[in-house]
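With mmCIF, C-alpha atoms inside, this is protein28.cif:
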```cif
data_coords
#
loop_
_atom_site.label_atom_id
_atom_site.label_comp_id
_atom_site.auth_asym_id
_atom_site.auth_seq_id
_atom_site.Cartn_x
_atom_site.Cartn_y
_atom_site.Cartn_z
CA MET A 1 20.40 22.71 -41.43
CA ILE A 2 16.69 22.94 -41.82
CA GLY A 3 14.63 23.21 -38.67
CA TYR A 4 11.09 21.93 -38.33
CA PRO A 5 9.87 23.86 -35.35
CA THR A 6 6.29 22.65 -35.57
CA LYS A 7 7.35 19.03 -35.41
CA LYS A 8 9.65 19.50 -32.48
CA ARG A 9 8.19 18.40 -29.24
CA THR A 10 10.82 19.62 -26.86
CA GLN A 11 13.02 22.68 -26.73
CA ASP A 12 16.18 20.71 -26.24
CA PRO A 13 17.30 18.72 -29.31
CA GLN A 14 19.27 16.32 -27.11
CA ARG A 15 16.06 15.19 -25.49
CA ASP A 16 14.77 14.21 -28.90
CA SER A 17 16.60 10.94 -28.74
CA ALA A 18 15.57 7.48 -29.79
CA ILE A 19 14.77 6.64 -26.18
CA SER A 20 12.54 9.66 -25.89
CA LYS A 21 10.75 8.74 -29.13
CA ALA A 22 10.24 5.19 -27.97
CA ARG A 23 8.62 6.44 -24.80
CA ARG A 24 6.19 8.78 -26.48
CA GLY A 25 2.56 8.10 -25.99
CA MET A 26 3.26 6.05 -22.88
CA SER A 27 1.49 7.42 -19.86
CA LEU A 28 3.34 8.00 -16.63
CA GLU A 29 1.23 5.24 -15.11
CA ASP A 30 2.32 2.74 -17.78
CA ASP A 31 5.93 3.78 -17.29
CA LEU A 32 5.63 3.40 -13.53
CA ASN A 33 4.04 -0.03 -13.82
CA LYS A 34 6.99 -1.16 -15.93
CA THR A 35 9.47 0.51 -13.61
CA ASN A 36 8.01 -1.06 -10.45
CA SER A 37 7.88 -4.41 -12.14
CA PHE A 38 11.53 -3.99 -13.13
CA TYR A 39 12.51 -3.04 -9.56
CA LEU A 40 10.77 -6.18 -8.37
CA ASP A 41 12.50 -8.38 -10.97
CA VAL A 42 15.98 -7.11 -10.14
CA ASP A 43 15.09 -7.15 -6.41
CA ARG A 44 15.79 -3.46 -5.94
CA ALA A 45 12.55 -2.49 -4.20
CA VAL A 46 9.02 -3.70 -3.56
CA ILE A 47 6.71 -0.93 -4.71
CA PHE A 48 3.19 -1.40 -6.03
CA LYS A 49 0.40 0.75 -7.35
CA LYS A 50 -2.69 0.36 -5.23
CA PRO A 51 -5.79 -0.86 -7.04
CA THR A 52 -8.44 1.74 -7.83
CA PRO A 53 -11.08 1.58 -5.10
CA ILE A 54 -14.38 0.37 -6.49
CA GLN A 55 -17.66 -0.01 -4.65
CA VAL A 56 -19.39 -3.16 -5.79
CA VAL A 57 -23.20 -2.99 -5.72
CA ALA A 58 -24.32 -6.08 -7.65
CA VAL A 59 -22.68 -9.37 -8.55
CA SER A 60 -24.03 -12.21 -10.64
CA TYR A 61 -22.73 -15.75 -11.01
CA PRO A 62 -23.09 -16.74 -14.67
CA ALA A 63 -20.68 -19.62 -14.14
CA ARG A 64 -19.87 -21.54 -11.01
CA ASN A 65 -17.12 -19.91 -8.97
CA LYS A 66 -16.92 -17.01 -11.38
CA ALA A 67 -18.32 -13.80 -9.98
CA LYS A 68 -19.32 -11.17 -12.51
CA ILE A 69 -19.72 -7.66 -11.14
CA THR A 70 -22.71 -6.07 -12.88
CA GLU A 71 -22.98 -2.80 -10.99
CA ALA A 72 -20.16 -0.90 -9.37
CA TYR A 73 -18.85 2.65 -8.98
CA TYR A 74 -15.46 4.28 -8.67
CA ARG A 75 -14.75 5.61 -5.21
CA GLN A 76 -12.29 8.29 -4.23
CA ALA A 77 -9.02 6.94 -2.89
CA SER A 78 -8.04 7.96 0.65
CA THR A 79 -4.35 7.56 -0.01
CA THR A 80 -1.78 8.03 -2.73
CA ASP A 81 -1.49 5.54 -5.57
CA TYR A 82 1.96 4.10 -4.85
CA ASN A 83 3.74 2.73 -1.82
CA GLY A 84 6.20 0.10 -0.75
CA VAL A 85 9.62 -0.58 0.70
CA TYR A 86 13.07 0.51 -0.49
CA LYS A 87 16.28 -0.01 1.53
CA GLY A 88 14.23 -0.49 4.67
CA LEU A 89 12.37 2.77 4.13
CA PRO A 90 8.63 3.13 3.76
CA ILE A 91 8.08 4.75 0.34
CA ASP A 92 4.93 6.64 -0.56
CA PHE A 93 4.24 8.80 -3.58
CA GLU A 94 1.72 10.19 -5.99
CA ALA A 95 2.33 10.58 -9.74
CA LYS A 96 0.85 13.35 -11.86
CA GLU A 97 1.08 14.45 -15.46
CA THR A 98 0.49 17.84 -16.99
CA VAL A 99 0.54 19.14 -20.57
CA ASN A 100 1.23 22.61 -19.24
CA ARG A 101 4.78 23.81 -20.03
CA THR A 102 5.13 26.52 -17.44
CA SER A 103 3.50 25.24 -14.27
CA PHE A 104 1.87 22.34 -12.44
CA SER A 105 -1.64 23.13 -11.26
CA LEU A 106 -2.13 22.22 -7.60
CA ALA A 107 -5.76 21.41 -8.41
CA LYS A 108 -4.39 18.15 -9.87
CA LEU A 109 -3.20 17.09 -6.43
CA HIS A 110 -6.29 16.20 -4.41
CA LYS A 111 -6.44 17.33 -0.81
CA HIS A 112 -6.59 13.77 0.54
CA GLN A 113 -3.47 12.88 -1.47
CA LEU A 114 -1.54 15.85 -0.12
CA ASP A 115 -2.79 15.18 3.42
CA HIS A 116 -1.75 11.56 3.12
CA LEU A 117 1.75 12.47 1.90
CA ILE A 118 2.19 14.92 4.79
CA ASN A 119 0.82 12.31 7.20
CA VAL A 120 3.10 9.43 6.17
CA HIS A 121 6.04 11.84 6.08
CA ARG A 122 5.38 12.79 9.71
CA HIS A 123 5.34 9.09 10.55
CA GLY A 124 8.72 8.60 8.93
CA ALA A 125 7.98 7.60 5.35
CA THR A 126 10.00 8.85 2.40
CA ALA A 127 7.24 10.70 0.58
CA PHE A 128 7.34 12.52 -2.72
CA LEU A 129 5.53 13.57 -5.83
CA LEU A 130 6.44 12.57 -9.37
CA ILE A 131 5.46 15.28 -11.84
CA ARG A 132 5.69 14.71 -15.57
CA PHE A 133 5.59 17.63 -17.94
CA SER A 134 4.47 15.50 -20.84
CA THR A 135 4.85 18.23 -23.46
CA LEU A 136 8.45 18.77 -22.38
CA ASP A 137 8.97 15.04 -21.84
CA GLU A 138 10.51 15.64 -18.43
CA THR A 139 9.65 13.91 -15.15
CA TYR A 140 10.69 15.32 -11.77
CA LEU A 141 10.78 13.94 -8.27
CA VAL A 142 9.74 16.52 -5.68
CA MET A 143 10.18 15.59 -2.03
CA ILE A 144 7.23 16.33 0.24
CA GLU A 145 9.56 18.43 2.43
CA SER A 146 10.13 20.82 -0.49
CA LEU A 147 6.46 20.89 -1.37
CA ILE A 148 5.46 21.69 2.23
CA GLN A 149 7.98 24.54 2.22
CA PHE A 150 6.58 25.83 -1.07
CA LEU A 151 3.01 25.75 0.21
CA LYS A 152 4.05 27.60 3.37
CA GLU A 153 5.84 30.35 1.54
CA GLN A 154 3.70 30.78 -1.54
CA ASN A 155 0.04 31.44 -1.91
CA ARG A 156 -0.34 30.02 -5.39
CA GLN A 157 -2.69 27.73 -7.26
CA SER A 158 0.17 26.21 -9.21
CA ILE A 159 3.84 25.37 -8.90
CA PRO A 160 5.98 27.13 -11.52
CA TYR A 161 8.01 24.87 -13.80
CA ALA A 162 11.12 26.85 -12.87
CA TRP A 163 10.61 26.02 -9.17
CA ILE A 164 10.20 22.32 -9.92
CA LYS A 165 13.31 22.36 -12.14
CA LYS A 166 15.26 23.97 -9.31
CA GLU A 167 13.88 22.12 -6.28
CA GLY A 168 13.05 18.77 -7.85
CA ILE A 169 15.31 16.09 -9.24
CA LEU A 170 15.07 15.38 -12.95
CA ILE A 171 14.58 11.67 -13.46
CA PRO A 172 17.11 10.41 -16.00
CA TYR A 173 15.92 8.79 -19.21
CA SER A 174 16.32 5.12 -19.70
CA LEU A 175 14.53 2.26 -21.41
CA THR A 176 14.74 -0.17 -18.53
CA PRO A 177 13.29 1.01 -16.29
CA PRO A 178 11.43 3.81 -18.12
CA VAL A 179 11.23 6.09 -15.05
CA ASP A 180 14.15 5.34 -12.76
CA TYR A 181 12.82 7.40 -9.88
CA LEU A 182 14.85 5.46 -7.31
CA ALA A 183 18.00 6.71 -9.03
CA ALA A 184 16.71 10.23 -8.42
CA LEU A 185 15.80 9.36 -4.84
CA ASP A 186 19.26 7.91 -4.23
CA LYS A 187 20.77 11.33 -4.93
CA ILE A 188 18.65 12.75 -2.14
CA LEU A 189 19.23 9.88 0.27
CA THR A 190 22.97 9.52 -0.14
CA LYS A 191 24.16 13.10 -0.11
CA GLY A 192 23.29 16.74 -0.15
CA VAL A 193 21.28 16.44 -3.35
CA THR A 194 22.83 17.59 -6.59
CA LEU A 195 20.09 19.69 -8.07
CA ASN A 196 19.74 20.57 -11.69
CA GLU A 197 22.80 18.66 -12.71
CA GLU A 198 21.42 18.21 -16.22
CA LYS A 199 20.56 21.86 -16.74
CA MET B 200 -25.13 -23.94 37.65
CA ILE B 201 -26.70 -24.97 34.42
CA GLY B 202 -24.44 -25.17 31.43
CA TYR B 203 -25.55 -24.53 27.86
CA PRO B 204 -22.73 -26.12 25.94
CA THR B 205 -24.33 -25.73 22.55
CA LYS B 206 -24.67 -21.99 23.01
CA LYS B 207 -21.18 -21.44 24.25
CA ARG B 208 -18.78 -20.25 21.66
CA THR B 209 -15.52 -20.48 23.55
CA GLN B 210 -14.03 -22.97 25.93
CA ASP B 211 -12.73 -20.40 28.36
CA PRO B 212 -15.43 -18.65 30.44
CA GLN B 213 -13.15 -15.68 31.08
CA ARG B 214 -13.07 -14.91 27.40
CA ASP B 215 -16.83 -14.76 27.46
CA SER B 216 -16.78 -11.17 28.58
CA ALA B 217 -18.95 -8.28 27.57
CA ILE B 218 -16.25 -7.06 25.23
CA SER B 219 -16.02 -10.43 23.63
CA LYS B 220 -19.78 -10.58 23.19
CA ALA B 221 -19.87 -7.10 21.72
CA ARG B 222 -17.31 -8.13 19.15
CA ARG B 223 -19.09 -11.27 18.05
CA GLY B 224 -20.14 -11.48 14.51
CA MET B 225 -17.61 -8.83 13.52
CA SER B 226 -15.18 -10.10 10.95
CA LEU B 227 -11.48 -9.59 11.37
CA GLU B 228 -11.63 -7.28 8.37
CA ASP B 229 -14.27 -5.08 10.03
CA ASP B 230 -12.24 -5.01 13.22
CA LEU B 231 -9.09 -4.08 11.32
CA ASN B 232 -10.85 -1.30 9.44
CA LYS B 233 -11.96 0.19 12.74
CA THR B 234 -8.53 -0.33 14.27
CA ASN B 235 -6.66 1.32 11.39
CA SER B 236 -9.13 4.16 11.38
CA PHE B 237 -8.54 4.57 15.14
CA TYR B 238 -4.77 4.56 14.66
CA LEU B 239 -5.18 7.28 12.06
CA ASP B 240 -7.45 9.36 14.31
CA VAL B 241 -5.10 9.23 17.28
CA ASP B 242 -2.12 9.70 14.94
CA ARG B 243 -0.46 6.47 15.98
CA ALA B 244 0.18 4.99 12.55
CA VAL B 245 -0.88 5.29 8.92
CA ILE B 246 -2.00 1.86 7.83
CA PHE B 247 -4.59 1.13 5.17
CA LYS B 248 -6.22 -1.88 3.61
CA LYS B 249 -5.57 -1.97 -0.09
CA PRO B 250 -8.65 -1.95 -2.30
CA THR B 251 -9.62 -5.26 -3.87
CA PRO B 252 -8.22 -5.35 -7.40
CA ILE B 253 -11.00 -5.35 -9.96
CA GLN B 254 -10.69 -5.54 -13.72
CA VAL B 255 -13.20 -3.22 -15.32
CA VAL B 256 -14.51 -4.40 -18.69
CA ALA B 257 -17.46 -2.12 -19.44
CA VAL B 258 -18.54 1.27 -18.16
CA SER B 259 -21.67 3.23 -18.98
CA TYR B 260 -22.48 6.88 -18.30
CA PRO B 261 -26.13 7.09 -17.25
CA ALA B 262 -25.55 10.58 -15.84
CA ARG B 263 -22.96 13.14 -16.76
CA ASN B 264 -19.70 12.69 -14.84
CA LYS B 265 -21.02 9.56 -13.16
CA ALA B 266 -19.40 6.40 -14.45
CA LYS B 267 -21.30 3.19 -13.81
CA ILE B 268 -19.29 0.01 -14.13
CA THR B 269 -21.51 -2.61 -15.78
CA GLU B 270 -19.05 -5.44 -16.25
CA ALA B 271 -16.06 -6.22 -14.09
CA TYR B 272 -14.26 -9.14 -12.49
CA TYR B 273 -12.29 -9.72 -9.32
CA ARG B 274 -8.59 -10.17 -9.92
CA GLN B 275 -6.09 -11.87 -7.69
CA ALA B 276 -4.05 -9.46 -5.58
CA SER B 277 -0.27 -9.56 -6.02
CA THR B 278 0.40 -8.32 -2.52
CA THR B 279 -0.96 -8.56 1.00
CA ASP B 280 -4.04 -6.60 2.02
CA TYR B 281 -2.51 -4.20 4.53
CA ASN B 282 0.47 -1.90 4.59
CA GLY B 283 1.60 1.45 5.89
CA VAL B 284 3.97 3.27 8.22
CA TYR B 285 4.48 2.94 11.98
CA LYS B 286 7.30 4.66 13.90
CA GLY B 287 9.22 5.12 10.67
CA LEU B 288 8.94 1.43 9.82
CA PRO B 289 7.34 0.01 6.71
CA ILE B 290 4.53 -2.26 7.93
CA ASP B 291 3.08 -5.06 5.83
CA PHE B 292 0.71 -7.81 6.86
CA GLU B 293 -1.98 -10.23 5.86
CA ALA B 294 -4.99 -11.10 8.04
CA LYS B 295 -6.69 -14.49 8.09
CA GLU B 296 -9.51 -16.11 9.99
CA THR B 297 -10.19 -19.74 10.69
CA VAL B 298 -13.01 -21.59 12.44
CA ASN B 299 -10.65 -24.46 13.11
CA ARG B 300 -9.73 -24.78 16.81
CA THR B 301 -6.56 -26.79 16.51
CA SER B 302 -4.67 -25.45 13.52
CA PHE B 303 -4.42 -22.84 10.80
CA SER B 304 -4.43 -24.31 7.32
CA LEU B 305 -1.59 -22.95 5.19
CA ALA B 306 -3.86 -23.28 2.16
CA LYS B 307 -5.52 -20.08 3.41
CA LEU B 308 -2.33 -18.16 2.87
CA HIS B 309 -1.90 -17.80 -0.89
CA LYS B 310 1.54 -18.26 -2.35
CA HIS B 311 1.75 -14.69 -3.67
CA GLN B 312 0.87 -13.37 -0.19
CA LEU B 313 3.58 -15.44 1.48
CA ASP B 314 6.08 -14.52 -1.24
CA HIS B 315 5.22 -10.86 -0.82
CA LEU B 316 5.67 -11.00 2.97
CA ILE B 317 9.05 -12.68 2.58
CA ASN B 318 10.00 -10.17 -0.10
CA VAL B 319 9.15 -7.01 1.86
CA HIS B 320 10.79 -8.52 4.94
CA ARG B 321 14.04 -8.97 3.00
CA HIS B 322 13.77 -5.32 1.96
CA GLY B 323 13.44 -4.23 5.57
CA ALA B 324 9.71 -4.11 6.24
CA THR B 325 8.16 -5.27 9.50
CA ALA B 326 6.03 -8.09 8.12
CA PHE B 327 3.61 -10.37 9.91
CA LEU B 328 0.46 -12.39 9.79
CA LEU B 329 -2.64 -11.83 11.90
CA ILE B 330 -4.47 -15.08 12.53
CA ARG B 331 -7.86 -15.14 14.18
CA PHE B 332 -9.23 -18.36 15.59
CA SER B 333 -12.79 -17.14 15.42
CA THR B 334 -14.26 -20.08 17.33
CA LEU B 335 -11.84 -19.43 20.18
CA ASP B 336 -12.16 -15.67 19.76
CA GLU B 337 -8.39 -15.22 19.82
CA THR B 338 -6.25 -13.25 17.41
CA TYR B 339 -2.49 -13.71 17.17
CA LEU B 340 0.30 -11.77 15.55
CA VAL B 341 2.92 -14.03 13.98
CA MET B 342 6.08 -12.39 12.68
CA ILE B 343 7.23 -13.49 9.23
CA GLU B 344 10.61 -14.46 10.75
CA SER B 345 8.85 -17.08 12.91
CA LEU B 346 6.75 -18.29 10.01
CA ILE B 347 9.81 -18.68 7.75
CA GLN B 348 11.48 -20.69 10.51
CA PHE B 349 8.38 -22.89 10.86
CA LEU B 350 8.21 -23.53 7.12
CA LYS B 351 11.89 -24.44 7.05
CA GLU B 352 11.65 -26.91 9.90
CA GLN B 353 8.24 -28.43 9.34
CA ASN B 354 6.75 -30.08 6.34
CA ARG B 355 3.12 -29.47 7.22
CA GLN B 356 -0.02 -28.26 5.50
CA SER B 357 -1.12 -26.38 8.60
CA ILE B 358 0.28 -24.55 11.60
CA PRO B 359 -0.81 -26.11 14.91
CA TYR B 360 -2.70 -23.83 17.28
CA ALA B 361 -0.21 -24.70 20.01
CA TRP B 362 2.67 -23.42 17.88
CA ILE B 363 0.87 -20.14 17.17
CA LYS B 364 0.04 -19.74 20.87
CA LYS B 365 3.70 -20.25 21.72
CA GLU B 366 5.40 -18.33 18.89
CA GLY B 367 2.81 -15.66 18.24
CA ILE B 368 1.67 -12.76 20.37
CA LEU B 369 -1.93 -12.81 21.57
CA ILE B 370 -3.55 -9.51 20.71
CA PRO B 371 -5.25 -8.11 23.81
CA TYR B 372 -8.98 -7.46 23.77
CA SER B 373 -10.26 -3.93 23.72
CA LEU B 374 -13.19 -2.02 22.34
CA THR B 375 -11.19 0.86 20.93
CA PRO B 376 -9.40 -0.26 18.90
CA PRO B 377 -10.96 -3.72 18.50
CA VAL B 378 -7.67 -5.40 17.42
CA ASP B 379 -4.76 -3.51 18.92
CA TYR B 380 -2.13 -5.31 16.91
CA LEU B 381 0.38 -2.47 17.29
CA ALA B 382 0.34 -3.11 21.05
CA ALA B 383 1.35 -6.68 20.25
CA LEU B 384 3.98 -5.47 17.80
CA ASP B 385 5.40 -3.08 20.37
CA LYS B 386 6.25 -6.03 22.59
CA ILE B 387 8.33 -7.45 19.78
CA LEU B 388 9.92 -4.15 18.80
CA THR B 389 10.84 -2.92 22.26
CA LYS B 390 12.26 -5.99 23.91
CA GLY B 391 12.88 -9.68 23.73
CA VAL B 392 9.21 -10.48 23.25
CA THR B 393 7.26 -11.81 26.18
CA LEU B 394 5.48 -14.74 24.66
CA ASN B 395 2.35 -16.28 25.99
CA GLU B 396 2.03 -13.84 28.84
CA GLU B 397 -1.71 -14.32 28.93
CA LYS B 398 -1.61 -18.07 29.00
#
```
Same coordinates, now as structure tokens:
Amino acid sequence: MIGYPTKKRTQDPQRDSAISKARRGMSLEDDLNKTNSFYLDVDRAVIFKKPTPIQVVAVSYPARNKAKITEAYYRQASTTDYNGVYKGLPIDFEAKETVNRTSFSLAKLHKHQLDHLINVHRHGATAFLLIRFSTLDETYLVMIESLIQFLKEQNRQSIPYAWIKKEGILIPYSLTPPVDYLAALDKILTKGVTLNEEK
Amino acid sequence: MIGYPTKKRTQDPQRDSAISKARRGMSLEDDLNKTNSFYLDVDRAVIFKKPTPIQVVAVSYPARNKAKITEAYYRQASTTDYNGVYKGLPIDFEAKETVNRTSFSLAKLHKHQLDHLINVHRHGATAFLLIRFSTLDETYLVMIESLIQFLKEQNRQSIPYAWIKKEGILIPYSLTPPVDYLAALDKILTKGVTLNEEK
């Protein structure tokens, strides 16, 4: 058998499946849009991405009833990008991608996003982080409880991949939906969390 | 006593208080922004208005790292404007104002907003409508359960003011927060709802 190490994208040949190939090049955001739309279609949950906050400065009306924004600026969001309802629970999460293979830099998680996750968690929301290691083609769900514990115990600028693999839940591959994060969440909600079952 | 009927904004002189005057000219959206910000400050709930969805078509970069949007359009939202977490409950609501004194036109509530409220309610969210009769200076909280019942029983294009006064909860006046809708919600959550107690 001839190996082509430079063409291989992941370490694990089993990951190199047709599904994985089909998903390549799709951003986590695209995948989540499809996933949330799927959840809505099959009536599993109502979860939406919040629109990007934009400050509108000038608007013109080239046609009647049709406003054209001619000057506007991106503003920083005060919350996470995603929230909604699942099984009666308030759901709130942020999604991040990294090309790094060994760690997730905490600089990617803005302070207001972390503060918001901690805040909604205190008020009873089910809050988590989705982290995709795009080079490894693996996406993990990390509960805010675990992340808070990590931040308390460790004084680091990044979360090691090994920690995420151990403490997070690997989100299984599928085509529909592309990122079945509620399947991962179910494992946490229904029982004592089976970690690393795909190791 | 000399009356100035054309200057009077409300029918009820008791409503014409200092608080009421101070609030005049403030839109329900302004009031809700202040209220949600107050709830956040006193750590009572985490509820935000979603940004208005805008489709960005063209962006220029007049200065480094500063994106200026030069062409964009408003898109229709697929959800309600407000959601968040209160006492572990997913909260979802839409806020509407009317200058009409006798009814609230259902045309003001877009189909996707109503569908969304019904949808999140089915999934376990606490969903409601805030309706402000701005001419009367009264704001009511109407639970989606009541609204669904109304829509089932009545074939009307508008909800009569009298129905809202009977089935909704009048939100008490205050300066901080300007629209204490969680106080109104508490009445529903904690007991059999005392309706119309300020009649």
At most 9 Å to chain B: residues in chain A, only C-alpha atoms, as a VMD selection string: chain A and resid 43 to 46 48 50 to 54 56 66 to 74 77 to 79 83 to 92 116 119 to 125
To verify the selection step, state as a ChimeraX atom specification which residues the PyMOL selection byres ((chain A and resi 135) around 9) yields on this input. /A:9-10,98-101,132-134,136-138
Can those selected residues be exported to a file as a JSON list (two decimals), in the frame of the given file so that it contains C-alpha atoms?
```
[["chain", "number", "residue", "atom", "x", "y", "z"],
["A", 9, "ARG", "CA", 8.19, 18.40, -29.24],
["A", 10, "THR", "CA", 10.82, 19.62, -26.86],
["A", 98, "THR", "CA", 0.49, 17.84, -16.99],
["A", 99, "VAL", "CA", 0.54, 19.14, -20.57],
["A", 100, "ASN", "CA", 1.23, 22.61, -19.24],
["A", 101, "ARG", "CA", 4.78, 23.81, -20.03],
["A", 132, "ARG", "CA", 5.69, 14.71, -15.57],
["A", 133, "PHE", "CA", 5.59, 17.63, -17.94],
["A", 134, "SER", "CA", 4.47, 15.50, -20.84],
["A", 136, "LEU", "CA", 8.45, 18.77, -22.38],
["A", 137, "ASP", "CA", 8.97, 15.04, -21.84],
["A", 138, "GLU", "CA", 10.51, 15.64, -18.43]]
```
Please indicate the distance in Å from CA of Gln149 (chain A) to CA of Gln76 (chain A), rounded to one decimal place.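 These atoms are spaced 26.8 Å apart.
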The PyMOL selection byres ((chain A and resi 169-172) around 7) on the file shown: which residues, as a PyMOL selection string? chain A and resi 139-142+167-168+173-174+179-181+184+195-196
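One distance worth recording is that between CA of Val42 (chain A) and CA of Ala294 (chain B), which is 28.0 Å.
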Target residues per the PyMOL selection byres ((chain A and resi 144) around 8), formatted as a PyMOL selection string: chain A and resi 117-118+121+127-129+142-143+145-148
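For the choices A:Ile131, A:Leu106, A:Leu32, A:Met26, the atom-to-atom distance to Phe150 (chain A) is smallest for A:Leu106 when using all atoms listed in the file.
Computed from the coordinates, the CA of Asp115 (chain A) to CA of Ile159 (chain A) distance equals 17.3 Å.
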Around (16.8, -1.0, -15.7) in the file's own coordinates, what residues are found within 9 Å if you use all atoms listed in the file, given back as number ranges by chain? A: 35, 38-39, 42, 174-178, 180
Store the residues picked out above in a file with C-alpha atoms, as a short mmCIF file (atom, residue, chain, number, x, y, z; two decimals), in the coordinates of the input.
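Writing the result to again13.cif gives the following:
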```cif
data_model
loop_
_atom_site.label_atom_id
_atom_site.label_comp_id
_atom_site.auth_asym_id
_atom_site.auth_seq_id
_atom_site.Cartn_x
_atom_site.Cartn_y
_atom_site.Cartn_z
CA THR A 35 9.47 0.51 -13.61
CA PHE A 38 11.53 -3.99 -13.13
CA TYR A 39 12.51 -3.04 -9.56
CA VAL A 42 15.98 -7.11 -10.14
CA SER A 174 16.32 5.12 -19.70
CA LEU A 175 14.53 2.26 -21.41
CA THR A 176 14.74 -0.17 -18.53
CA PRO A 177 13.29 1.01 -16.29
CA PRO A 178 11.43 3.81 -18.12
CA ASP A 180 14.15 5.34 -12.76
#
```
Enclose the full set of atoms of region 236-243 of chain B listed in the file within a box whose edges lie along x, y and z, apply 4 Å of padding to each of the six sides, and report centre and edge lengths in Å to one decimal as JSON.
```
{"center_x": -4.8, "center_y": 6.9, "center_z": 14.3, "size_x": 16.7, "size_y": 13.5, "size_z": 13.9}
```
Restricting the calculation to only C-alpha atoms: of B:Pro261, B:Arg355, B:Tyr281, B:Lys386, which residue gets closest to Asn235 (chain B)?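 Nearest to Asn235 (chain B): B:Tyr281.
In terms of minimum interatomic distance to Leu151 (chain A), A:Leu114 ranks closest within A:Ala183, A:Phe93, A:Thr80, A:Leu114, counting only C-alpha atoms.
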